[in-house]
Amino acid sequence: MARQESRPLAPDGRLRALAQDTLRLTRAVAAVTTELARRILRYAWPSTAGHRNRAYLRDRLLALPLLAVVAFGALGWAYAGVRGDSAYIRERAAPALVDLADARASLLIAQGEAQRNLDEGRAAELSGLSERYRTRIARATQSLNQVTRSGALTVAEEQELRVVSALVVDYTSWIGRAQGHATDPVLRDADFTYARSMLCSQALAPTTENPYPACPAATGSAATSIVDRVTGLEGRLRARLADRAAWGAGTITAAVIAALAFTLLAAGLWRTMSFLRRRFRIRLSIPLAAAALPLLAVPFLTADALLALDAQHETVPVADALAERTSPKTETVAEERPFAGPDPQAIETLQARIDDGLADGRLAFLDGIAPFVFPAGLTAAAVIAGALHAYRREYLVVTRPGAVA
């Protein structure tokens with residue numbers, strides 16, 4: 001018997017076979033989806049006309065508890081995620097961004113103060129550097145320590161922040177050396193130039209109009225200075241904040257599932273109580289009414305989640321302003337003129353905007369309720385199942401020959 005050799009399909013043949021396989025797969029998926037939808041509709045929305053009492057109660061016993069678990073499970077997951085994102089932004093990310101911006105501005109103000117003091121020569125050697133320099137260095141160190149304790153950074157970022165803190169200590173030691181050589185212009189300028197290179201990769205010379213200039217941050221392998229590293233940390237933290245503030249695919253999917261499940265659950269409970277009133281002469285089913293009570297909290301939880309999402313979205317541009325629009329000059333003016341009114345680009349003003357926005361973006365009386373949403377759904381499902389099982393069992397006991405079953 002001659003051996004038959006398999007020949008590879010031509011490109012047109014492969015495309016035709018792929019199209020046929022895709023069509024068969026599409027038809028199979030459509031058939032499965034249609035059957036699944038039919039079964040779900042049967043259990044979620046059965047008709048009472050011509051339906052036996054026992055079969056109707058059996059369908060309700062399966063459908064309603066399942067819908068309660070799905071609805072409250074999806075809502076609880078989405079609501080806990082939104083609340084968790086708000087808490088992360090309010091308690092970790094936003095304070096860390098404020099502290100990073102304050103540390104960066106304080107270091108640049110201290111740099112300008114050190115240069116102004118060292119230019120005075122012997123006076124700097126005798127009286128030391130100004131109070132503003134010492135205050136700003138201490139403030140920058142404290143801000144960096146607060147960022148480390150904030151919990152907003154990853155392990156690698158915390159390690160990088162420790163490097164920044166060590167560089168700040170080294171920077172102040174070189175400024176101290178420059179102060180010790182205040183009367184020797186050559187040594188003083190050498191020490192100060194090295195200290196300035198540690199702080200900024202591209203330092204700008206101060207002017208009369210702006211004695212505390214901000215230095216542009218370098219990127220890539222050249223980003224080795226203190227300001228470069230702090231700016232890089234700000235960028236990664238802002239990206240993480242924006243990701244937390246955005247509508248995630250999981251949150252949207254859970255919200256859609258919860259909305260559909262709650263609609264079917266509410267309608268199913270109403271139709272079931274109507275069925276019990278017509279067929280069983282039960283005016284009001286106390287267990288089913290009690291199981292429906294958690295549904296009253298759904299509008300409040302939904303409103304709270306929407307408020308929180310809106311507040312999170314409003315936080316993103318403010319966080320960008322903290323990193324991009326704050327400057328040492330603005331902070332100095334705000335420090336020298338505390339009663340001149342809040343500057344919209346001052347760190348303190350931006351911090352207040354974030355705090356106020358996140359505080360207004362939630363219903364305070366719902367704080368701490370997120371972990372109990374899903375257990376409430378499980379409890380409601382158990383009450384519904386127990387009540388319908390009791391009704392069905394009672395019906396099977398009292399039914400008579402010839403009665404409608």
# chains A, B, ... in the order shown; residues from 1 in each chain; ligands from 1
>>> closest_atom_pairs(of="range 199-310 of chain A", to="range 184-193 of chain A", cutoff="12 Å", atoms="only C-alpha atoms", output="tab-separated table")
residue	atom	partner	partner_atom	distance
A:Leu199	CA	A:Thr193	CA	9.9
A:Cys200	CA	A:Thr193	CA	10.3
A:Ser201	CA	A:Thr193	CA	11.2
A:Gln202	CA	A:Thr193	CA	11.6
A:Ala203	CA	A:Thr193	CA	9.6
A:Leu204	CA	A:Thr193	CA	11.8
A:Ala205	CA	A:Thr193	CA	11.5
>>> residues_around(residues="Leu350 in chain A", least_positions_apart="4", cutoff="7 Å", atoms="only C-alpha atoms", output="list in words")
Val318, Leu322, Pro344, Gln345, Ala346 and Ile354 of chain A
>>> residues_around(residues="Glu158 in chain A", least_positions_apart="2", cutoff="12 Å", atoms="only C-alpha atoms", output="list of chain:residue names")
A:Ala96, A:Leu144, A:Asn145, A:Gln146, A:Val147, A:Thr148, A:Arg149, A:Ser150, A:Gly151, A:Ala152, A:Leu153, A:Thr154, A:Val155, A:Ala156, A:Glu160, A:Leu161, A:Arg162, A:Val163, A:Val164, A:Ser165, A:Arg229, A:Val230, A:Leu233, A:Leu237
>>> residues_around(residues="Thr251 in chain A", least_positions_apart="2", cutoff="9 Å", atoms="only C-alpha atoms", output="mmCIF file with N, CA and C atoms, in the first residue's frame")
data_model
loop_
_atom_site.group_PDB
_atom_site.id
_atom_site.type_symbol
_atom_site.label_atom_id
_atom_site.label_comp_id
_atom_site.auth_asym_id
_atom_site.auth_seq_id
_atom_site.Cartn_x
_atom_site.Cartn_y
_atom_site.Cartn_z
ATOM 1 N N ALA A 74 -19.795 41.079 44.825
ATOM 2 C CA ALA A 74 -19.232 42.027 43.857
ATOM 3 C C ALA A 74 -19.207 43.447 44.421
ATOM 4 N N TRP A 77 -16.494 43.737 47.135
ATOM 5 C CA TRP A 77 -15.138 43.784 46.586
ATOM 6 C C TRP A 77 -14.848 45.145 45.970
ATOM 7 N N ALA A 78 -15.775 45.658 45.151
ATOM 8 C CA ALA A 78 -15.564 46.952 44.500
ATOM 9 C C ALA A 78 -15.523 48.081 45.529
ATOM 10 N N TYR A 79 -16.439 48.058 46.485
ATOM 11 C CA TYR A 79 -16.499 49.129 47.485
ATOM 12 C C TYR A 79 -15.256 49.123 48.372
ATOM 13 N N GLY A 81 -12.355 48.047 47.506
ATOM 14 C CA GLY A 81 -11.246 48.532 46.695
ATOM 15 C C GLY A 81 -11.224 50.045 46.583
ATOM 16 N N VAL A 82 -12.392 50.655 46.365
ATOM 17 C CA VAL A 82 -12.456 52.111 46.256
ATOM 18 C C VAL A 82 -12.088 52.760 47.579
ATOM 19 N N TRP A 247 -10.374 54.427 37.313
ATOM 20 C CA TRP A 247 -11.331 53.316 37.290
ATOM 21 C C TRP A 247 -10.625 52.081 36.746
ATOM 22 N N GLY A 248 -10.495 51.063 37.559
ATOM 23 C CA GLY A 248 -9.867 49.831 37.111
ATOM 24 C C GLY A 248 -10.849 48.928 36.394
ATOM 25 N N ALA A 249 -10.324 48.056 35.549
ATOM 26 C CA ALA A 249 -11.187 47.124 34.826
ATOM 27 C C ALA A 249 -11.923 46.200 35.790
ATOM 28 N N THR A 253 -16.008 45.934 36.150
ATOM 29 C CA THR A 253 -16.671 44.644 35.974
ATOM 30 C C THR A 253 -17.493 44.275 37.202
ATOM 31 N N ALA A 254 -16.901 44.465 38.387
ATOM 32 C CA ALA A 254 -17.629 44.146 39.620
ATOM 33 C C ALA A 254 -18.856 45.027 39.782
ATOM 34 N N ALA A 255 -18.740 46.309 39.413
ATOM 35 C CA ALA A 255 -19.879 47.217 39.535
ATOM 36 C C ALA A 255 -21.021 46.795 38.604
ATOM 37 N N VAL A 256 -20.688 46.397 37.379
ATOM 38 C CA VAL A 256 -21.723 45.950 36.439
ATOM 39 C C VAL A 256 -22.396 44.682 36.944
#
>>> residues_around(residues="Ile369 in chain A", least_positions_apart="3", cutoff="10 Å", atoms="only C-alpha atoms", output="PyMOL selection string")
chain A and resi 76+79-80+83+301+365-366+372-373
>>> write_last_selection(atoms="all heavy atoms", output="CSV table (one decimal), in the first residue's frame")
chain,number,residue,atom,x,y,z
A,76,GLY,N,-19.2,44.3,47.6
A,76,GLY,CA,-18.2,44.4,48.7
A,76,GLY,C,-16.8,44.5,48.2
A,76,GLY,O,-16.0,45.3,48.7
A,79,TYR,N,-16.4,48.1,46.5
A,79,TYR,CA,-16.5,49.1,47.5
A,79,TYR,C,-15.3,49.1,48.4
A,79,TYR,O,-14.7,50.2,48.7
A,79,TYR,CB,-17.8,49.0,48.3
A,79,TYR,CG,-17.9,50.0,49.4
A,79,TYR,CD1,-18.3,51.3,49.0
A,79,TYR,CD2,-17.8,49.8,50.7
A,79,TYR,CE1,-18.4,52.3,49.9
A,79,TYR,CE2,-18.0,50.8,51.7
A,79,TYR,CZ,-18.3,52.0,51.3
A,79,TYR,OH,-18.4,53.0,52.2
A,80,ALA,N,-14.8,47.9,48.8
A,80,ALA,CA,-13.6,47.9,49.6
A,80,ALA,C,-12.4,48.3,48.8
A,80,ALA,O,-11.5,49.0,49.4
A,80,ALA,CB,-13.4,46.4,50.1
A,83,ARG,N,-12.6,52.2,48.7
A,83,ARG,CA,-12.3,52.8,50.0
A,83,ARG,C,-10.8,52.6,50.3
A,83,ARG,O,-10.2,53.5,50.9
A,83,ARG,CB,-13.2,52.1,51.1
A,83,ARG,CG,-14.5,52.8,51.3
A,83,ARG,CD,-14.3,54.1,52.0
A,83,ARG,NE,-15.6,54.7,52.5
A,83,ARG,CZ,-15.7,55.5,53.5
A,83,ARG,NH1,-14.6,55.8,54.2
A,83,ARG,NH2,-16.8,56.0,53.9
A,301,LEU,N,-24.0,53.2,49.8
A,301,LEU,CA,-22.7,52.7,49.5
A,301,LEU,C,-22.3,53.1,48.1
A,301,LEU,O,-21.1,53.5,47.8
A,301,LEU,CB,-22.7,51.1,49.6
A,301,LEU,CG,-22.9,50.5,50.9
A,301,LEU,CD1,-23.0,49.0,50.8
A,301,LEU,CD2,-21.9,51.0,51.9
A,365,PHE,N,-20.2,58.5,58.0
A,365,PHE,CA,-20.9,57.5,58.8
A,365,PHE,C,-20.7,56.1,58.3
A,365,PHE,O,-21.1,55.2,58.9
A,365,PHE,CB,-22.4,57.9,59.0
A,365,PHE,CG,-23.2,57.8,57.7
A,365,PHE,CD1,-23.8,56.6,57.3
A,365,PHE,CD2,-23.3,58.9,56.9
A,365,PHE,CE1,-24.5,56.6,56.2
A,365,PHE,CE2,-24.1,58.9,55.7
A,365,PHE,CZ,-24.7,57.7,55.4
A,366,LEU,N,-20.2,56.0,57.0
A,366,LEU,CA,-19.9,54.7,56.5
A,366,LEU,C,-18.5,54.2,56.7
A,366,LEU,O,-18.1,53.1,56.2
A,366,LEU,CB,-20.3,54.7,55.0
A,366,LEU,CG,-21.7,54.9,54.6
A,366,LEU,CD1,-21.9,54.9,53.1
A,366,LEU,CD2,-22.6,53.8,55.2
A,372,PHE,N,-17.9,44.6,56.2
A,372,PHE,CA,-19.2,43.9,56.5
A,372,PHE,C,-20.2,43.8,55.4
A,372,PHE,O,-21.3,43.2,55.6
A,372,PHE,CB,-19.8,44.6,57.7
A,372,PHE,CG,-18.9,44.7,58.9
A,372,PHE,CD1,-18.3,45.9,59.2
A,372,PHE,CD2,-18.8,43.7,59.8
A,372,PHE,CE1,-17.4,46.0,60.3
A,372,PHE,CE2,-18.0,43.8,60.9
A,372,PHE,CZ,-17.3,45.0,61.2
A,373,VAL,N,-19.8,44.3,54.2
A,373,VAL,CA,-20.8,44.2,53.1
A,373,VAL,C,-21.0,42.8,52.7
A,373,VAL,O,-22.2,42.3,52.6
A,373,VAL,CB,-20.3,45.1,51.9
A,373,VAL,CG1,-21.2,44.9,50.7
A,373,VAL,CG2,-20.2,46.5,52.3
>>> residues_around(residues="Ala311 in chain A", least_positions_apart="2", cutoff="9 Å", atoms="only C-alpha atoms", output="PyMOL selection string")
chain A and resi 86+245+306-309+313-315+354+357-362
>>> write_last_selection(atoms="N, CA and C atoms", output="PDB file, in the first residue's frame")
ATOM      1  N   SER A  86      -8.814  55.173  48.447  1.00  0.00           N
ATOM      2  CA  SER A  86      -8.932  56.485  49.090  1.00  0.00           C
ATOM      3  C   SER A  86      -8.072  56.555  50.344  1.00  0.00           C
ATOM      4  N   ALA A 245      -6.220  56.052  41.586  1.00  0.00           N
ATOM      5  CA  ALA A 245      -7.374  56.939  41.430  1.00  0.00           C
ATOM      6  C   ALA A 245      -8.206  56.603  40.201  1.00  0.00           C
ATOM      7  N   LEU A 306     -18.949  56.630  44.612  1.00  0.00           N
ATOM      8  CA  LEU A 306     -18.826  57.632  43.545  1.00  0.00           C
ATOM      9  C   LEU A 306     -18.174  58.911  44.064  1.00  0.00           C
ATOM     10  N   LEU A 307     -18.524  59.328  45.279  1.00  0.00           N
ATOM     11  CA  LEU A 307     -17.873  60.498  45.879  1.00  0.00           C
ATOM     12  C   LEU A 307     -16.377  60.253  46.056  1.00  0.00           C
ATOM     13  N   ALA A 308     -16.039  59.060  46.519  1.00  0.00           N
ATOM     14  CA  ALA A 308     -14.622  58.744  46.716  1.00  0.00           C
ATOM     15  C   ALA A 308     -13.860  58.733  45.397  1.00  0.00           C
ATOM     16  N   LEU A 309     -14.455  58.159  44.356  1.00  0.00           N
ATOM     17  CA  LEU A 309     -13.786  58.137  43.054  1.00  0.00           C
ATOM     18  C   LEU A 309     -13.596  59.548  42.508  1.00  0.00           C
ATOM     19  N   HIS A 313     -10.003  61.405  41.652  1.00  0.00           N
ATOM     20  CA  HIS A 313      -9.665  62.023  40.368  1.00  0.00           C
ATOM     21  C   HIS A 313      -9.221  63.474  40.565  1.00  0.00           C
ATOM     22  N   GLU A 314      -9.850  64.192  41.488  1.00  0.00           N
ATOM     23  CA  GLU A 314      -9.469  65.576  41.746  1.00  0.00           C
ATOM     24  C   GLU A 314      -8.091  65.674  42.399  1.00  0.00           C
ATOM     25  N   THR A 315      -7.638  64.596  43.031  1.00  0.00           N
ATOM     26  CA  THR A 315      -6.339  64.611  43.702  1.00  0.00           C
ATOM     27  C   THR A 315      -5.177  64.540  42.718  1.00  0.00           C
ATOM     28  N   ILE A 354      -5.747  68.740  48.977  1.00  0.00           N
ATOM     29  CA  ILE A 354      -5.854  67.283  48.940  1.00  0.00           C
ATOM     30  C   ILE A 354      -6.622  66.775  50.152  1.00  0.00           C
ATOM     31  N   GLY A 357     -10.346  67.756  49.905  1.00  0.00           N
ATOM     32  CA  GLY A 357     -11.031  67.016  48.845  1.00  0.00           C
ATOM     33  C   GLY A 357     -11.297  65.575  49.231  1.00  0.00           C
ATOM     34  N   LEU A 358     -10.301  64.906  49.830  1.00  0.00           N
ATOM     35  CA  LEU A 358     -10.490  63.515  50.228  1.00  0.00           C
ATOM     36  C   LEU A 358     -11.428  63.395  51.425  1.00  0.00           C
ATOM     37  N   ALA A 359     -11.424  64.400  52.310  1.00  0.00           N
ATOM     38  CA  ALA A 359     -12.348  64.366  53.446  1.00  0.00           C
ATOM     39  C   ALA A 359     -13.788  64.548  52.991  1.00  0.00           C
ATOM     40  N   ASP A 360     -14.001  65.438  52.008  1.00  0.00           N
ATOM     41  CA  ASP A 360     -15.357  65.644  51.488  1.00  0.00           C
ATOM     42  C   ASP A 360     -15.797  64.527  50.557  1.00  0.00           C
ATOM     43  N   GLY A 361     -14.870  63.722  50.080  1.00  0.00           N
ATOM     44  CA  GLY A 361     -15.194  62.684  49.108  1.00  0.00           C
ATOM     45  C   GLY A 361     -15.631  61.377  49.732  1.00  0.00           C
ATOM     46  N   ARG A 362     -16.339  61.437  50.829  1.00  0.00           N
ATOM     47  CA  ARG A 362     -16.855  60.206  51.420  1.00  0.00           C
ATOM     48  C   ARG A 362     -17.955  60.548  52.417  1.00  0.00           C
TER      49      ARG A 362
END
>>> atom_distance(atom1="CA of Ala364 in chain A", atom2="CA of Phe300 in chain A")
11.2 Å
>>> residues_around(residues="range 262-278 of chain A", least_positions_apart="3", cutoff="8 Å", atoms="only C-alpha atoms", output="short mmCIF file (atom, residue, chain, number, x, y, z; two decimals) with N, CA, C and O atoms, in the first residue's frame")
data_model
loop_
_atom_site.label_atom_id
_atom_site.label_comp_id
_atom_site.auth_asym_id
_atom_site.auth_seq_id
_atom_site.Cartn_x
_atom_site.Cartn_y
_atom_site.Cartn_z
N ALA A 44 -33.86 33.24 37.65
CA ALA A 44 -33.97 34.59 38.18
C ALA A 44 -35.33 35.20 37.96
O ALA A 44 -35.77 36.07 38.73
N TRP A 45 -36.05 34.77 36.93
CA TRP A 45 -37.32 35.44 36.58
C TRP A 45 -38.33 34.39 36.10
O TRP A 45 -38.81 34.45 34.97
N THR A 48 -45.00 32.85 37.21
CA THR A 48 -45.90 32.21 38.19
C THR A 48 -47.11 31.59 37.53
O THR A 48 -47.81 30.78 38.14
N ARG A 60 -36.82 29.44 43.40
CA ARG A 60 -36.48 30.58 44.25
C ARG A 60 -35.41 30.22 45.26
O ARG A 60 -34.54 31.04 45.59
N LEU A 64 -32.42 33.01 44.51
CA LEU A 64 -32.30 34.20 45.35
C LEU A 64 -31.05 34.19 46.24
O LEU A 64 -30.35 35.20 46.32
N LEU A 67 -28.10 34.91 43.98
CA LEU A 67 -28.04 36.32 43.57
C LEU A 67 -27.57 37.20 44.72
O LEU A 67 -26.82 38.16 44.51
N ALA A 68 -27.99 36.91 45.95
CA ALA A 68 -27.55 37.70 47.10
C ALA A 68 -26.04 37.59 47.30
O ALA A 68 -25.35 38.58 47.55
N ALA A 71 -24.33 39.45 44.30
CA ALA A 71 -24.52 40.91 44.36
C ALA A 71 -23.69 41.53 45.47
O ALA A 71 -22.93 42.48 45.24
N ALA A 258 -22.59 43.63 40.03
CA ALA A 258 -23.39 43.95 41.21
C ALA A 258 -24.70 44.63 40.83
O ALA A 258 -25.76 44.31 41.40
N ALA A 259 -24.65 45.54 39.86
CA ALA A 259 -25.88 46.24 39.45
C ALA A 259 -26.90 45.26 38.87
O ALA A 259 -28.09 45.30 39.23
N ARG A 281 -51.33 32.85 50.99
CA ARG A 281 -52.05 33.79 51.83
C ARG A 281 -51.17 34.36 52.95
O ARG A 281 -51.62 34.59 54.07
N ILE A 282 -49.89 34.56 52.65
CA ILE A 282 -48.96 35.18 53.61
C ILE A 282 -48.86 36.66 53.24
O ILE A 282 -48.29 37.01 52.20
N ARG A 283 -49.43 37.51 54.07
CA ARG A 283 -49.44 38.94 53.73
C ARG A 283 -48.04 39.53 53.65
O ARG A 283 -47.74 40.30 52.74
N LEU A 284 -47.21 39.18 54.61
CA LEU A 284 -45.83 39.69 54.61
C LEU A 284 -44.92 38.63 55.19
O LEU A 284 -45.12 38.17 56.32
N SER A 285 -43.93 38.25 54.40
CA SER A 285 -42.94 37.29 54.88
C SER A 285 -41.87 38.04 55.67
O SER A 285 -41.06 38.78 55.10
N LEU A 288 -38.15 37.20 54.64
CA LEU A 288 -37.75 37.79 53.37
C LEU A 288 -37.66 39.31 53.46
O LEU A 288 -36.78 39.93 52.85
N ALA A 292 -34.31 41.60 52.90
CA ALA A 292 -34.26 42.70 51.94
C ALA A 292 -33.75 43.99 52.56
O ALA A 292 -33.44 44.94 51.82
N LEU A 295 -30.57 45.74 51.33
CA LEU A 295 -30.65 46.42 50.04
C LEU A 295 -30.82 47.93 50.21
O LEU A 295 -30.47 48.70 49.31
#
>>> closest_residue(among="A:Gly232, A:Gln179, A:Ala380, A:Leu293", to="Asp119 in chain A", atoms="only C-alpha atoms")
A:Gln179
>>> closest_residue(among="A:Gln111, A:Thr26, A:Thr302, A:Gln312", to="Ala246 in chain A", atoms="only C-alpha atoms")
A:Gln312
>>> select_by_dssp(residues="range 4-214 of chain A", states="alpha helix (DSSP H)", output="ChimeraX atom specification")
/A:11-44,53-88,94-118,122-127,131-150,155-180,185-199
>>> write_last_selection(atoms="C-alpha atoms", output="short mmCIF file (atom, residue, chain, number, x, y, z; two decimals), in the first residue's frame")
data_model
loop_
_atom_site.label_atom_id
_atom_site.label_comp_id
_atom_site.auth_asym_id
_atom_site.auth_seq_id
_atom_site.Cartn_x
_atom_site.Cartn_y
_atom_site.Cartn_z
CA PRO A 11 -1.92 30.01 2.39
CA ASP A 12 -5.50 30.27 1.08
CA GLY A 13 -6.29 26.84 2.49
CA ARG A 14 -4.87 27.71 5.90
CA LEU A 15 -6.92 30.90 6.01
CA ARG A 16 -10.07 28.99 4.98
CA ALA A 17 -9.46 26.35 7.67
CA LEU A 18 -8.82 29.04 10.27
CA ALA A 19 -12.03 30.82 9.30
CA GLN A 20 -14.02 27.58 9.57
CA ASP A 21 -12.54 26.81 13.00
CA THR A 22 -13.32 30.34 14.16
CA LEU A 23 -16.89 30.07 12.90
CA ARG A 24 -17.40 26.73 14.68
CA LEU A 25 -15.95 28.15 17.89
CA THR A 26 -18.19 31.22 17.64
CA ARG A 27 -21.27 29.07 17.13
CA ALA A 28 -20.33 26.88 20.10
CA VAL A 29 -19.77 29.90 22.35
CA ALA A 30 -23.06 31.45 21.21
CA ALA A 31 -24.93 28.21 21.92
CA VAL A 32 -23.40 27.87 25.40
CA THR A 33 -24.10 31.53 26.17
CA THR A 34 -27.70 31.26 25.00
CA GLU A 35 -28.32 28.17 27.11
CA LEU A 36 -26.66 29.76 30.13
CA ALA A 37 -28.75 32.92 29.73
CA ARG A 38 -31.91 30.83 29.39
CA ARG A 39 -31.15 28.93 32.58
CA ILE A 40 -30.27 32.10 34.48
CA LEU A 41 -33.49 33.75 33.26
CA ARG A 42 -35.47 30.70 34.30
CA TYR A 43 -34.09 30.79 37.83
CA ALA A 44 -33.97 34.59 38.18
CA ASN A 53 -45.89 25.83 43.84
CA ARG A 54 -43.24 23.26 44.67
CA ALA A 55 -41.24 23.93 41.50
CA TYR A 56 -41.48 27.70 41.93
CA LEU A 57 -40.22 27.54 45.52
CA ARG A 58 -37.41 25.23 44.42
CA ASP A 59 -36.31 27.71 41.75
CA ARG A 60 -36.48 30.58 44.25
CA LEU A 61 -34.51 28.56 46.77
CA LEU A 62 -31.69 28.24 44.26
CA ALA A 63 -31.79 31.63 42.58
CA LEU A 64 -32.30 34.20 45.35
CA PRO A 65 -29.49 33.12 47.72
CA LEU A 66 -27.13 32.82 44.77
CA LEU A 67 -28.04 36.32 43.57
CA ALA A 68 -27.55 37.70 47.10
CA VAL A 69 -24.07 36.18 47.35
CA VAL A 70 -23.05 37.42 43.89
CA ALA A 71 -24.52 40.91 44.36
CA PHE A 72 -23.07 41.59 47.80
CA GLY A 73 -19.81 39.86 46.94
CA ALA A 74 -19.23 42.03 43.86
CA LEU A 75 -20.36 45.19 45.67
CA GLY A 76 -18.22 44.42 48.71
CA TRP A 77 -15.14 43.78 46.59
CA ALA A 78 -15.56 46.95 44.50
CA TYR A 79 -16.50 49.13 47.48
CA ALA A 80 -13.60 47.85 49.59
CA GLY A 81 -11.25 48.53 46.69
CA VAL A 82 -12.46 52.11 46.26
CA ARG A 83 -12.32 52.78 49.99
CA GLY A 84 -8.88 51.18 50.19
CA ASP A 85 -7.59 53.37 47.36
CA SER A 86 -8.93 56.48 49.09
CA ALA A 87 -7.29 55.46 52.36
CA TYR A 88 -3.98 54.78 50.58
CA ALA A 94 -0.49 62.24 49.45
CA PRO A 95 1.48 62.85 52.70
CA ALA A 96 4.56 61.26 51.11
CA LEU A 97 4.29 63.54 48.07
CA VAL A 98 3.90 66.57 50.34
CA ASP A 99 6.98 65.58 52.34
CA LEU A 100 9.05 64.94 49.21
CA ALA A 101 8.10 68.33 47.77
CA ASP A 102 8.89 70.00 51.10
CA ALA A 103 12.26 68.22 51.37
CA ARG A 104 13.21 69.25 47.83
CA ALA A 105 12.22 72.89 48.37
CA SER A 106 13.89 73.05 51.79
CA LEU A 107 17.19 71.73 50.44
CA LEU A 108 17.19 74.27 47.61
CA ILE A 109 16.40 77.11 50.04
CA ALA A 110 19.21 75.92 52.30
CA GLN A 111 21.52 75.88 49.27
CA GLY A 112 20.71 79.51 48.47
CA GLU A 113 21.17 80.52 52.10
CA ALA A 114 24.53 78.75 52.30
CA GLN A 115 25.79 80.48 49.18
CA ARG A 116 24.65 83.88 50.41
CA ASN A 117 26.29 83.35 53.81
CA LEU A 118 29.54 81.98 52.41
CA ARG A 122 34.81 86.06 57.49
CA ALA A 123 31.34 86.83 58.81
CA ALA A 124 30.25 83.31 57.91
CA GLU A 125 33.29 81.86 59.68
CA LEU A 126 32.59 83.79 62.86
CA SER A 127 28.79 83.74 63.12
CA GLU A 131 19.06 80.25 61.08
CA ARG A 132 17.07 79.65 57.92
CA TYR A 133 19.77 77.31 56.61
CA ARG A 134 19.77 75.21 59.79
CA THR A 135 15.97 75.19 59.96
CA ARG A 136 15.57 74.11 56.36
CA ILE A 137 18.17 71.34 56.61
CA ALA A 138 16.45 69.99 59.71
CA ARG A 139 13.09 70.26 57.99
CA ALA A 140 14.32 68.40 54.92
CA THR A 141 15.75 65.62 57.08
CA GLN A 142 12.51 65.32 59.00
CA SER A 143 10.44 65.23 55.79
CA LEU A 144 12.58 62.44 54.34
CA ASN A 145 12.21 60.43 57.55
CA GLN A 146 8.43 60.87 57.41
CA VAL A 147 8.37 59.59 53.83
CA THR A 148 10.28 56.50 54.94
CA ARG A 149 7.70 55.83 57.67
CA SER A 150 4.69 56.60 55.45
CA VAL A 155 11.26 48.27 49.32
CA ALA A 156 13.54 49.44 46.52
CA GLU A 157 12.28 53.01 46.85
CA GLU A 158 12.84 52.96 50.60
CA GLN A 159 16.40 51.85 49.98
CA GLU A 160 16.86 54.70 47.51
CA LEU A 161 15.43 57.15 50.04
CA ARG A 162 17.97 55.98 52.60
CA VAL A 163 20.66 56.75 50.04
CA VAL A 164 19.17 60.24 49.67
CA SER A 165 19.23 60.75 53.44
CA ALA A 166 22.87 59.68 53.54
CA LEU A 167 23.67 62.08 50.70
CA VAL A 168 22.01 64.92 52.62
CA VAL A 169 24.25 64.22 55.60
CA ASP A 170 27.28 64.21 53.32
CA TYR A 171 26.05 67.40 51.66
CA THR A 172 25.83 69.25 54.99
CA SER A 173 29.34 68.09 55.90
CA TRP A 174 30.74 69.63 52.70
CA ILE A 175 28.85 72.84 53.42
CA GLY A 176 30.46 72.79 56.87
CA ARG A 177 33.87 72.40 55.25
CA ALA A 178 33.16 75.35 53.01
CA GLN A 179 32.20 77.37 56.08
CA GLY A 180 35.49 76.40 57.74
CA PRO A 185 38.07 81.71 48.45
CA VAL A 186 39.73 78.84 46.56
CA LEU A 187 39.02 76.12 49.12
CA ARG A 188 35.64 77.58 49.99
CA ASP A 189 34.49 77.60 46.37
CA ALA A 190 35.84 74.08 45.78
CA ASP A 191 33.98 72.65 48.78
CA PHE A 192 30.80 74.54 47.98
CA THR A 193 30.89 73.53 44.30
CA TYR A 194 31.20 69.89 45.25
CA ALA A 195 28.33 70.19 47.71
CA ARG A 196 26.21 71.89 45.06
CA SER A 197 26.96 69.09 42.59
CA MET A 198 25.72 66.60 45.16
CA LEU A 199 22.45 68.49 45.41
#
>>> closest_residue(among="A:His181, A:Gly368, A:Cys215, A:Ala323", to="Ile347 in chain A", atoms="only C-alpha atoms")
A:Ala323
>>> atom_distance(atom1="CA of Ala321 in chain A", atom2="CA of Ala93 in chain A")
14.3 Å
>>> closest_residue(among="A:Ala297, A:Ala370, A:Leu241, A:Val383", to="Arg90 in chain A", atoms="only C-alpha atoms")
A:Leu241
>>> atom_distance(atom1="CA of Ala303 in chain A", atom2="CA of Pro287 in chain A")
27.4 Å
